[in-house]
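model-v1.txt follows; it contains compact mmCIF, C-alpha atoms.
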# COMPACT_ATOMS: atom_id res chain seq x y z
CA MET A 1 106.26 104.42 94.36
CA ARG A 2 103.53 107.02 94.48
CA GLN A 3 103.70 106.86 98.30
CA VAL A 4 107.49 107.21 98.23
CA ARG A 5 107.20 110.21 95.96
CA ASP A 6 104.72 111.79 98.39
CA GLY A 7 107.21 111.50 101.24
CA ASP A 8 106.61 108.00 102.62
CA LEU A 9 110.16 106.67 102.42
CA GLY A 10 109.15 103.55 104.37
CA SER A 11 107.37 102.28 101.23
CA MET A 12 110.80 102.09 99.62
CA ALA A 13 111.33 98.86 101.58
CA VAL A 14 108.42 97.26 99.70
CA LEU A 15 109.98 98.24 96.38
CA PHE A 16 113.34 96.89 97.48
CA GLU A 17 111.89 93.53 98.48
CA ARG A 18 110.00 93.30 95.19
CA HIS A 19 112.71 94.35 92.75
CA HIS A 20 116.22 93.97 94.17
CA ARG A 21 116.66 90.45 92.86
CA ALA A 22 115.62 91.37 89.30
CA LEU A 23 117.89 94.39 89.40
CA LEU A 24 120.82 92.35 90.65
CA ASN A 25 120.38 89.95 87.76
CA TYR A 26 120.04 92.80 85.28
CA PHE A 27 123.44 94.12 86.37
CA VAL A 28 125.11 90.72 86.64
CA HIS A 29 124.06 89.90 83.09
CA MET A 30 125.15 93.31 81.91
CA ASN A 31 128.59 93.43 83.48
CA GLY A 32 129.30 89.94 84.77
CA ASN A 33 130.61 91.13 88.13
CA ARG A 34 128.56 90.25 91.15
CA ASP A 35 130.07 92.59 93.75
CA PHE A 36 129.98 95.47 91.34
CA SER A 37 126.33 94.62 90.57
CA GLU A 38 125.39 94.64 94.26
CA ASP A 39 126.87 98.14 94.52
CA LEU A 40 124.84 99.20 91.51
CA VAL A 41 121.58 97.85 92.97
CA GLN A 42 122.32 99.91 96.06
CA ASP A 43 122.99 102.90 93.86
CA VAL A 44 119.64 102.46 92.06
CA PHE A 45 117.67 102.55 95.30
CA VAL A 46 119.59 105.57 96.55
CA ARG A 47 118.87 107.33 93.26
CA MET A 48 115.17 106.39 93.49
CA MET A 49 114.96 108.02 96.91
CA LYS A 50 116.89 111.06 95.73
CA TYR A 51 114.99 111.61 92.50
CA ARG A 52 111.60 110.36 93.67
CA GLN A 53 109.95 113.62 92.59
CA SER A 54 110.75 112.75 88.98
CA TYR A 55 108.56 109.65 89.12
CA GLN A 56 105.34 110.11 87.16
CA PRO A 57 102.56 107.92 88.61
CA ASP A 58 100.81 107.59 85.25
CA LYS A 59 103.88 105.88 83.71
CA PRO A 60 104.92 102.28 84.48
CA PHE A 61 107.18 102.02 87.51
CA THR A 62 109.34 99.29 85.93
CA ALA A 63 110.28 101.57 83.04
CA TRP A 64 111.34 104.32 85.44
CA MET A 65 113.33 101.85 87.56
CA TYR A 66 115.22 100.41 84.59
CA GLN A 67 115.95 103.87 83.26
CA ILE A 68 117.63 104.64 86.56
CA ALA A 69 119.41 101.27 86.42
CA ARG A 70 120.70 101.97 82.92
CA ASN A 71 122.03 105.37 83.97
CA ALA A 72 123.69 103.85 87.04
CA GLN A 73 125.33 101.17 84.89
CA SER A 74 126.46 103.60 82.24
CA ASP A 75 127.87 106.11 84.78
CA ALA A 76 129.74 103.35 86.58
CA MET A 77 131.16 101.93 83.35
CA GLN A 78 132.45 105.33 82.37
CA LYS A 79 134.09 105.81 85.73
CA ARG A 80 135.66 102.41 86.02
CA LYS A 81 136.28 101.55 82.38
CA PHE A 82 134.89 98.22 83.41
CA GLU A 83 135.28 95.23 81.19
CA VAL A 84 132.72 92.48 81.14
CA GLU A 85 134.16 89.39 82.72
CA LEU A 86 134.31 86.39 80.51
CA GLY A 87 134.21 83.65 83.10
CA HIS A 88 136.96 81.14 83.72
CA ALA A 89 135.43 77.72 83.28
CA ASP A 90 137.11 75.36 80.84
CA VAL A 91 134.72 75.20 77.94
CA SER A 92 136.53 72.73 75.73
CA MET A 93 134.05 70.37 74.08
CA THR A 94 134.99 66.74 74.08
CA HIS A 95 133.16 64.02 72.27
CA GLY A 96 131.08 61.61 74.27
CA MET A 97 130.86 63.78 77.35
CA ASP A 98 128.00 63.62 79.75
CA GLU A 99 124.87 65.51 78.52
CA LYS A 100 124.54 67.56 81.69
CA LEU A 101 128.16 68.60 81.59
CA LYS A 102 127.83 69.42 77.91
CA ARG A 103 124.84 71.66 78.65
CA GLU A 104 126.73 73.42 81.41
CA GLN A 105 129.59 74.09 79.05
CA GLU A 106 127.21 75.42 76.44
CA ILE A 107 125.82 77.82 79.01
CA GLU A 108 129.34 78.93 79.85
CA LEU A 109 130.06 79.44 76.16
CA LEU A 110 126.90 81.46 75.79
CA ARG A 111 127.96 83.61 78.70
CA ARG A 112 131.16 84.35 76.80
CA ALA A 113 129.19 85.09 73.67
CA MET A 114 127.02 87.52 75.66
CA ALA A 115 130.13 89.26 76.93
CA ARG A 116 131.30 89.79 73.35
CA LEU A 117 127.98 91.22 72.25
CA SER A 118 127.66 95.01 72.01
CA VAL A 119 126.19 96.65 75.12
CA ASP A 120 123.02 97.68 73.26
CA LYS A 121 122.30 94.17 72.05
CA ARG A 122 123.20 92.59 75.37
CA GLU A 123 120.83 94.94 77.13
CA LEU A 124 117.95 94.01 74.80
CA LEU A 125 118.48 90.34 75.57
CA VAL A 126 118.76 90.97 79.30
CA LEU A 127 115.52 92.93 79.32
CA SER A 128 113.58 90.56 77.09
CA ARG A 129 114.96 87.18 78.16
CA PHE A 130 116.17 87.50 81.75
CA GLN A 131 113.92 90.26 82.99
CA ASN A 132 111.10 88.89 80.86
CA LEU A 133 109.76 92.37 80.11
CA LYS A 134 107.07 92.94 77.50
CA TYR A 135 108.03 94.76 74.30
CA GLU A 136 105.90 97.70 75.40
CA GLU A 137 107.90 98.01 78.61
CA ILE A 138 111.21 97.76 76.79
CA ALA A 139 110.05 100.39 74.31
CA SER A 140 109.20 102.66 77.21
CA ILE A 141 112.62 102.11 78.85
CA LEU A 142 114.58 102.68 75.65
CA GLY A 143 112.32 105.45 74.41
CA CYS A 144 111.47 103.86 71.06
CA GLU A 145 108.57 102.22 69.23
CA VAL A 146 107.42 98.66 69.96
CA GLY A 147 108.06 97.70 66.34
CA ALA A 148 111.67 98.82 66.65
CA VAL A 149 112.11 96.72 69.81
CA LYS A 150 110.84 93.66 67.97
CA VAL A 151 113.40 94.07 65.21
CA ARG A 152 116.24 94.91 67.58
CA VAL A 153 115.58 91.90 69.80
CA TYR A 154 115.65 89.62 66.77
CA ARG A 155 118.93 91.17 65.62
CA ALA A 156 120.39 90.74 69.09
CA VAL A 157 119.43 87.05 69.21
CA ARG A 158 120.90 86.52 65.76
CA ALA A 159 124.13 88.33 66.65
CA LEU A 160 124.44 86.30 69.85
CA GLY A 161 123.77 83.14 67.87
CA GLN A 162 126.53 83.97 65.40
CA ILE A 163 129.12 84.53 68.13
CA PHE A 164 127.95 81.44 69.99
CA PHE A 165 128.19 79.14 66.95
CA GLU A 166 131.53 80.61 66.02
CA LEU A 167 132.86 79.90 69.51
CA SER A 168 131.35 76.40 69.49
CA GLN A 169 132.88 75.54 66.15
CA ARG A 170 136.28 76.77 67.26
CA ARG A 171 136.03 74.64 70.38
CA MET A 172 134.98 71.61 68.42
CA ALA A 173 137.84 72.11 65.96
CA ALA A 174 140.47 72.65 68.63
CA PRO A 175 139.34 71.06 71.93
CA GLY A 176 141.25 72.16 75.01
CA GLU A 177 142.63 75.35 73.44
CA GLU A 178 142.41 78.32 75.76
CA MET A 179 139.78 80.82 74.71
CA ALA A 180 141.05 84.26 73.74
CA MET B 1 103.94 86.39 56.28
CA ASN B 2 107.29 86.64 54.43
CA CYS B 3 110.75 85.65 55.71
CA GLU B 4 111.37 89.05 57.29
CA ASP B 5 108.04 89.13 59.12
CA LEU B 6 108.68 85.65 60.37
CA LYS B 7 112.10 86.50 61.82
CA ARG B 8 110.71 89.57 63.57
CA ASN B 9 108.25 87.25 65.30
CA PHE B 10 110.71 84.56 66.41
CA VAL B 11 110.86 85.70 70.01
CA GLU B 12 107.13 86.11 70.35
CA TYR B 13 106.69 82.65 68.87
CA TRP B 14 109.04 81.18 71.49
CA ARG B 15 107.39 83.18 74.22
CA GLY B 16 103.96 81.98 73.06
CA THR B 17 102.58 85.51 72.70
CA LEU B 18 101.47 85.39 69.04
CA ASN B 19 97.73 85.53 68.53
CA ALA B 20 95.89 82.75 66.68
CA SER B 21 96.06 84.26 63.17
CA GLU B 22 99.73 85.32 63.57
CA LEU B 23 100.57 81.85 64.81
CA GLU B 24 98.87 80.23 61.87
CA SER B 25 100.63 82.32 59.24
CA PHE B 26 103.94 81.93 61.15
CA GLU B 27 103.69 78.15 61.11
CA THR B 28 102.51 78.06 57.50
CA HIS B 29 105.56 80.00 56.38
CA LEU B 30 107.91 78.01 58.60
CA ALA B 31 106.65 74.73 57.12
CA SER B 32 107.26 75.95 53.59
CA CYS B 33 110.65 77.72 54.04
CA PRO B 34 113.69 75.54 54.86
CA GLN B 35 116.05 78.53 55.43
CA CYS B 36 113.73 80.10 57.98
CA ARG B 37 113.23 76.73 59.63
CA GLU B 38 116.96 76.22 59.96
CA GLU B 39 117.53 79.68 61.43
CA ALA B 40 114.56 79.31 63.79
CA GLU B 41 115.91 76.03 65.14
CA ALA B 42 119.43 77.36 65.63
CA LEU B 43 118.31 80.55 67.36
CA LYS B 44 115.75 78.75 69.49
CA HIS B 45 118.61 76.72 70.89
CA VAL B 46 120.38 79.97 71.83
CA TRP B 47 117.20 81.45 73.29
CA SER B 48 116.44 78.43 75.43
CA THR B 49 120.05 78.07 76.58
CA LEU B 50 119.92 81.70 77.69
CA GLY B 51 116.94 80.75 79.82
CA GLU B 52 119.01 78.13 81.60
CA MET B 53 121.64 80.58 82.77
CA PRO B 54 121.66 80.52 86.55
CA GLU B 55 120.25 83.54 88.36
CA ALA B 56 122.34 85.47 90.83
CA GLU B 57 121.05 85.18 94.40
CA PRO B 58 121.14 88.40 96.39
CA GLY B 59 123.44 88.17 99.40
CA LEU B 60 122.29 89.11 102.90
CA GLY B 61 124.62 92.08 102.89
CA MET B 62 122.53 93.76 100.19
CA ARG B 63 119.50 93.88 102.41
CA THR B 64 121.50 95.14 105.40
CA ARG B 65 123.06 97.89 103.31
CA PHE B 66 119.75 98.92 101.80
CA TYR B 67 118.00 99.22 105.17
CA ALA B 68 120.92 101.19 106.58
CA SER B 69 120.71 103.66 103.69
CA LEU B 70 116.91 103.84 104.05
CA ARG B 71 117.24 104.73 107.74
CA GLU B 72 119.81 107.35 106.86
CA ALA B 73 117.53 108.83 104.17
CA GLU B 74 114.60 108.90 106.62
CA ARG B 75 116.77 110.61 109.24
CA ARG B 76 117.86 113.26 106.73
CA GLU B 77 114.27 113.75 105.61
CA MET B 78 113.13 114.30 109.21
CA GLU B 79 115.96 116.76 109.77
CA ARG B 80 115.00 118.63 106.64
CA GLN B 81 111.36 118.73 107.69
CA SER B 82 112.16 119.95 111.20
CA ARG B 83 114.40 122.67 109.77
CA PHE B 84 111.55 123.98 107.64
CA TRP B 85 108.64 123.13 109.91
CA TRP B 86 107.57 126.77 110.08
CA VAL B 87 107.21 126.88 106.31
CA ARG B 88 104.50 124.24 106.41
CA HIS B 89 102.70 125.46 109.51
CA PRO B 90 99.60 127.32 108.32
CA ALA B 91 99.47 129.80 111.20
CA LEU B 92 103.09 130.75 110.79
CA GLN B 93 102.82 130.94 107.04
CA ALA B 94 99.95 133.34 107.48
CA GLY B 95 101.80 135.29 110.15
CA PHE B 96 104.80 135.57 107.89
CA ALA B 97 102.67 136.79 105.01
CA LEU B 98 100.98 139.29 107.29
CA ALA B 99 104.33 140.55 108.58
CA ILE B 100 105.42 141.20 105.02
CA LEU B 101 102.20 143.05 104.32
CA VAL B 102 102.53 145.17 107.44
CA ALA B 103 106.11 145.98 106.48
CA GLY B 104 104.80 146.88 103.04
CA ILE B 105 102.26 149.25 104.54
CA PHE B 106 104.92 150.81 106.72
CA ILE B 107 107.21 151.39 103.78
CA GLY B 108 104.29 152.57 101.69
CA ASN B 109 103.35 154.99 104.46
CA ILE B 110 106.82 156.47 104.54
CA THR B 111 107.42 156.66 100.84
CA ALA B 112 104.06 157.31 99.27
CA ARG B 113 102.22 159.21 101.97
CA GLY B 114 99.21 158.71 99.82
CA SER B 115 96.08 158.02 101.83
CA GLY B 116 94.48 156.17 98.91
CA GLN B 117 97.28 153.66 98.82
CA ILE B 118 97.19 153.19 102.56
CA THR B 119 93.48 152.56 102.52
CA GLN B 120 94.01 150.02 99.80
CA LEU B 121 96.76 148.31 101.74
CA GLN B 122 94.66 148.27 104.89
CA ALA B 123 91.90 146.63 102.92
CA GLU B 124 94.40 144.06 101.74
CA VAL B 125 95.53 143.42 105.30
CA ASN B 126 91.93 142.93 106.38
CA SER B 127 91.31 140.54 103.57
CA MET B 128 94.50 138.71 104.51
CA LYS B 129 93.34 138.39 108.12
CA GLN B 130 90.03 137.07 106.90
CA LEU B 131 91.76 134.55 104.70
CA VAL B 132 94.00 133.35 107.52
CA THR B 133 91.07 132.98 109.89
CA LEU B 134 88.93 131.09 107.40
CA SER B 135 91.70 128.79 106.30
CA LEU B 136 92.76 128.01 109.86
CA LEU B 137 89.17 127.23 110.86
CA GLN B 138 89.12 124.57 108.16
CA GLN B 139 92.28 122.79 109.25
CA GLN B 140 92.16 119.15 110.38
CA ASN B 141 94.21 119.84 113.43
CA ALA B 142 92.21 121.18 116.42
CA SER B 143 95.05 123.42 117.57
CA ASP B 144 95.14 125.07 114.13
CA ARG B 145 91.39 125.66 114.33
CA LEU B 146 91.85 127.15 117.80
CA GLN B 147 94.35 129.55 116.31
CA GLY B 148 91.79 130.35 113.65
CA VAL B 149 89.32 131.29 116.37
CA ASN B 150 91.98 133.55 117.92
CA TRP B 151 92.65 135.16 114.55
CA SER B 152 88.95 135.99 114.26
CA TYR B 153 89.44 138.67 116.94
CA ARG B 154 91.55 140.61 114.46
CA VAL B 155 88.98 140.83 111.71
CA GLU B 156 86.40 143.58 111.36
CA GLN B 157 83.13 142.98 113.18
CA SER B 158 81.28 143.44 109.94
CA ASP B 159 83.00 140.45 108.33
CA SER B 160 80.07 138.17 107.61
CA GLU B 161 82.18 135.33 106.24
CA VAL B 162 84.21 135.00 109.42
CA LEU B 163 81.03 135.26 111.46
CA ALA B 164 79.43 132.45 109.46
CA ALA B 165 82.57 130.34 109.86
CA LEU B 166 82.57 130.90 113.62
CA LEU B 167 78.91 129.90 113.86
CA THR B 168 79.63 126.75 111.86
CA THR B 169 82.47 126.02 114.27
CA VAL B 170 80.19 126.49 117.29
CA ASN B 171 77.62 124.13 115.79
CA HIS B 172 79.73 121.49 114.15
CA ASP B 173 83.36 121.43 115.32
CA PRO B 174 84.14 117.97 116.74
CA ASN B 175 86.41 119.44 119.40
CA VAL B 176 84.77 120.94 122.53
CA ASN B 177 87.65 123.34 123.21
CA VAL B 178 87.40 124.80 119.73
CA ARG B 179 83.63 125.19 120.10
CA LEU B 180 84.05 126.91 123.47
CA ALA B 181 86.64 129.31 122.06
CA ALA B 182 84.35 130.07 119.12
CA VAL B 183 81.47 130.89 121.52
CA ASP B 184 83.75 133.37 123.29
CA ALA B 185 84.91 134.83 119.98
CA LEU B 186 81.30 135.50 118.98
CA HIS B 187 81.27 138.17 121.67
CA ASN B 188 83.23 140.21 119.17
CA PHE B 189 80.16 140.09 116.93
CA ALA B 190 77.70 141.12 119.66
CA ASP B 191 76.53 144.05 117.55
CA SER B 192 75.59 141.82 114.66
CA PRO B 193 71.97 140.62 114.62
CA VAL B 194 73.12 137.64 112.55
CA GLY B 195 75.67 136.73 115.23
CA ARG B 196 73.15 137.00 118.05
CA ARG B 197 70.53 135.01 116.19
CA GLY B 198 73.08 132.36 115.28
CA LEU B 199 74.12 131.99 118.90
CA ILE B 200 70.50 131.60 120.04
CA GLN B 201 69.88 128.94 117.41
CA SER B 202 72.98 127.00 118.29
CA LEU B 203 71.87 126.71 121.92
CA ASN B 204 69.43 123.92 121.04
CA LYS B 205 71.92 122.17 118.77
CA GLN B 206 74.58 121.52 121.38
CA GLU B 207 75.28 118.23 123.08
CA SER B 208 78.07 119.32 125.37
CA PRO B 209 76.89 120.82 128.72
CA MET B 210 80.05 122.96 128.83
CA VAL B 211 79.25 124.61 125.53
CA GLU B 212 75.59 125.08 126.51
CA ILE B 213 76.66 126.86 129.66
CA ALA B 214 79.14 129.02 127.71
CA ILE B 215 76.42 130.05 125.26
CA LEU B 216 74.04 130.87 128.12
CA ASP B 217 76.73 133.07 129.68
CA GLN B 218 77.37 134.78 126.39
CA LEU B 219 73.66 135.47 125.80
CA VAL B 220 73.32 136.90 129.29
CA GLU B 221 76.33 139.10 128.75
CA MET B 222 74.85 140.32 125.46
CA LYS B 223 71.57 140.91 127.28
CA GLU B 224 69.86 139.02 124.50
CA LYS B 225 66.24 138.88 125.55
CA ASP B 226 65.21 137.17 122.31
CA ALA B 227 66.99 134.09 123.62
CA ARG B 228 64.34 133.37 126.23
CA PRO B 229 62.24 130.92 124.13
CA ALA B 230 65.36 128.95 123.23
CA ILE B 231 66.46 128.84 126.87
CA THR B 232 63.01 127.67 127.94
CA LYS B 233 63.14 124.96 125.30
CA LEU B 234 66.56 123.87 126.57
CA MET B 235 65.26 123.63 130.16
CA SER B 236 62.30 121.50 129.16
CA ALA B 237 64.31 119.02 127.12
CA ASN B 238 64.17 115.49 128.54
CA ASP B 239 67.85 114.74 128.52
CA VAL B 240 69.11 118.09 129.77
CA ASN B 241 72.02 118.05 132.17
CA PRO B 242 70.92 119.19 135.69
CA GLU B 243 73.72 121.80 135.87
CA VAL B 244 72.73 123.19 132.51
CA LYS B 245 69.10 123.32 133.62
CA GLN B 246 70.09 125.20 136.76
CA HIS B 247 72.19 127.62 134.74
CA ALA B 248 69.34 128.14 132.29
CA VAL B 249 67.04 129.08 135.13
CA TRP B 250 69.63 131.62 136.27
CA ALA B 251 70.00 132.99 132.73
CA LEU B 252 66.28 133.35 132.25
CA GLY B 253 66.13 135.28 135.52
CA LYS B 254 68.88 137.61 134.27
CA LEU B 255 67.17 138.22 130.96
CA GLN B 256 63.76 139.16 132.40

Turn the structure described in the file into structure tokens.
Amino acid sequence: MRQVRDGDLGSMAVLFERHHRALLNYFVHMNGNRDFSEDLVQDVFVRMMKYRQSYQPDKPFTAWMYQIARNAQSDAMQKRKFEVELGHADVSMTHGMDEKLKREQEIELLRRAMARLSVDKRELLVLSRFQNLKYEEIASILGCEVGAVKVRVYRAVRALGQIFFELSQRRMAAPGEEMA
Amino acid sequence: MNCEDLKRNFVEYWRGTLNASELESFETHLASCPQCREEAEALKHVWSTLGEMPEAEPGLGMRTRFYASLREAERREMERQSRFWWVRHPALQAGFALAILVAGIFIGNITARGSGQITQLQAEVNSMKQLVTLSLLQQQNASDRLQGVNWSYRVEQSDSEVLAALLTTVNHDPNVNVRLAAVDALHNFADSPVGRRGLIQSLNKQESPMVEIAILDQLVEMKEKDARPAITKLMSANDVNPEVKQHAVWALGKLQ
């Protein structure tokens, strides 16, 4: 990024190849819409080129990139009043079903639980679980202390767990009922 | 470790990033606290299921779009640079600064009519010319250094810094054309003993026959008789170019 900042735009291609997949997944997990997420990845790289002078070489690049990604996501959400998609798979739990199928349905249920989570908590899980970032990096992105990240991530997992178990129990109690 | 500490460390425990002592106290508490154990098991299930969520694969279109926007950004950047090329060109920057100074003198001349101020401004112009010359002579680009040599004609003959820079150029510049131009420019400093001595000394440091011949011409033109020992030394060198040798003989004859 240092080279990009100093005028070598060609080095942007290296950054794209290295990070576009992670960014795509960040957005997909945040908003659930793939096409929209591809647009946002594009937007992030355009913003990086535009605001390259704001990059400080002594700070971690990942933190700067995710800060841009967060702004892109938040701007787009404001503009589009976008709602996180809940997915359409039938997640009714039936007794005696195949283990693999059961696991797939659990994943689908968890996706729904993620969608119901507040944006702040969802973001913490995306950064820590899907993007596999260290607490220090997350602290740098969110502009808070590492200790605070630790607590917030735990709270986010617990909140997700509560929604997930609630949804699971409802499914078990009333199999086949369409999810609200 | 109490219940609260333990919960704060759930994720690090699952990630395997707790250090040995943290891990020990984590596991000790977990073994002795059924509530924490229950919560840890339930949330671990959530955490590991999250890890099984499929990743989105970038489509080919993403790459195509990115490279198109990169090309567009590069094109715009080149346009921007070509529009402001004169801003970054050292010679033109200097010229622009000088033009402003000259305009300043002109205005000062009309408005102030004070000779003290004019003298001061002239001194500033001279120092500006010196600065331009010196900075151009240090540029990486040979054509910039050539311009620096040309600028040296505008400085006062008594400017020892420019003289020293020109002599350094004659002796060390990697480009023959720049060295040749600097030899010519030293004619401007013909009245300076330092300049004449420097030129004599550089005669035996040169490797290019063209530059040697140019220095010989210059010394003859300056009628520099003190150069005779150096010319003799040049003639007697083993690897001297025959044309240079011939020219040295001619120069010695002229300087008798």

### Query
Taking only C-alpha atoms into account, which residues of chain A are within 7 Å of chain B, as a list of chain:residue names?
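Residues of chain A within 7 Å of chain B, counting only C-alpha atoms: A:Leu9, A:Arg21, A:Leu24, A:Asn25, A:Glu38, A:Gln42, A:Ile107, A:Arg129, A:Lys150, A:Val151, A:Tyr154, A:Val157, A:Arg158, A:Gly161.
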
#### Entry: One-decimal distance in Å that lies between atom CA of Leu166 of chain B and atom CA of Leu255 of chain B
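Those two atoms sit 24.3 Å apart.
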
### Message
Need the shell around Lys134 of chain A: protein/DNA/RNA residues with any atom at most 10 Å away, counting all atoms listed in the file. Skip same-chain ones fewer than 4 positions apart. Format as a list in words?
### Response
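My list of contacting residues is Leu127, Ser128, Arg129, Ile138, Ala139, Ser140, Val146 and Val149 of chain A; Glu12 and Thr17 of chain B.
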
### Query
Any idea what's packed within 10 Å of segment 154-163 of chain B, counting only C-alpha atoms, ignoring anything in its chain fewer than 2 positions away? Could you give it as number ranges by chain?
B: 125-134, 137, 148-152, 165-169, 182, 185-192, 194-195, 198

### Summary
atom CA of Ala99 of chain B to atom CA of Val178 of chain B measures 25.7 Å

### Query
Closest to Lys50 of chain A among A:Ile68, A:Arg111, A:Arg170, A:Gln162, using only C-alpha atoms?
A:Ile68

### Summary
Min atom-atom distance to Pro209 of chain B from the set B:Ala97, B:Glu221, B:Asn19, B:Gln246, counting only C-alpha atoms, belongs to B:Gln246

### Message
Using all atoms listed in the file, can you tell me which of A:Leu160, A:Leu23, A:Met12, A:Val153 comes closest to Gln67 of chain A?
### Response
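Using all atoms listed in the file, Gln67 of chain A sits closest to A:Leu23.
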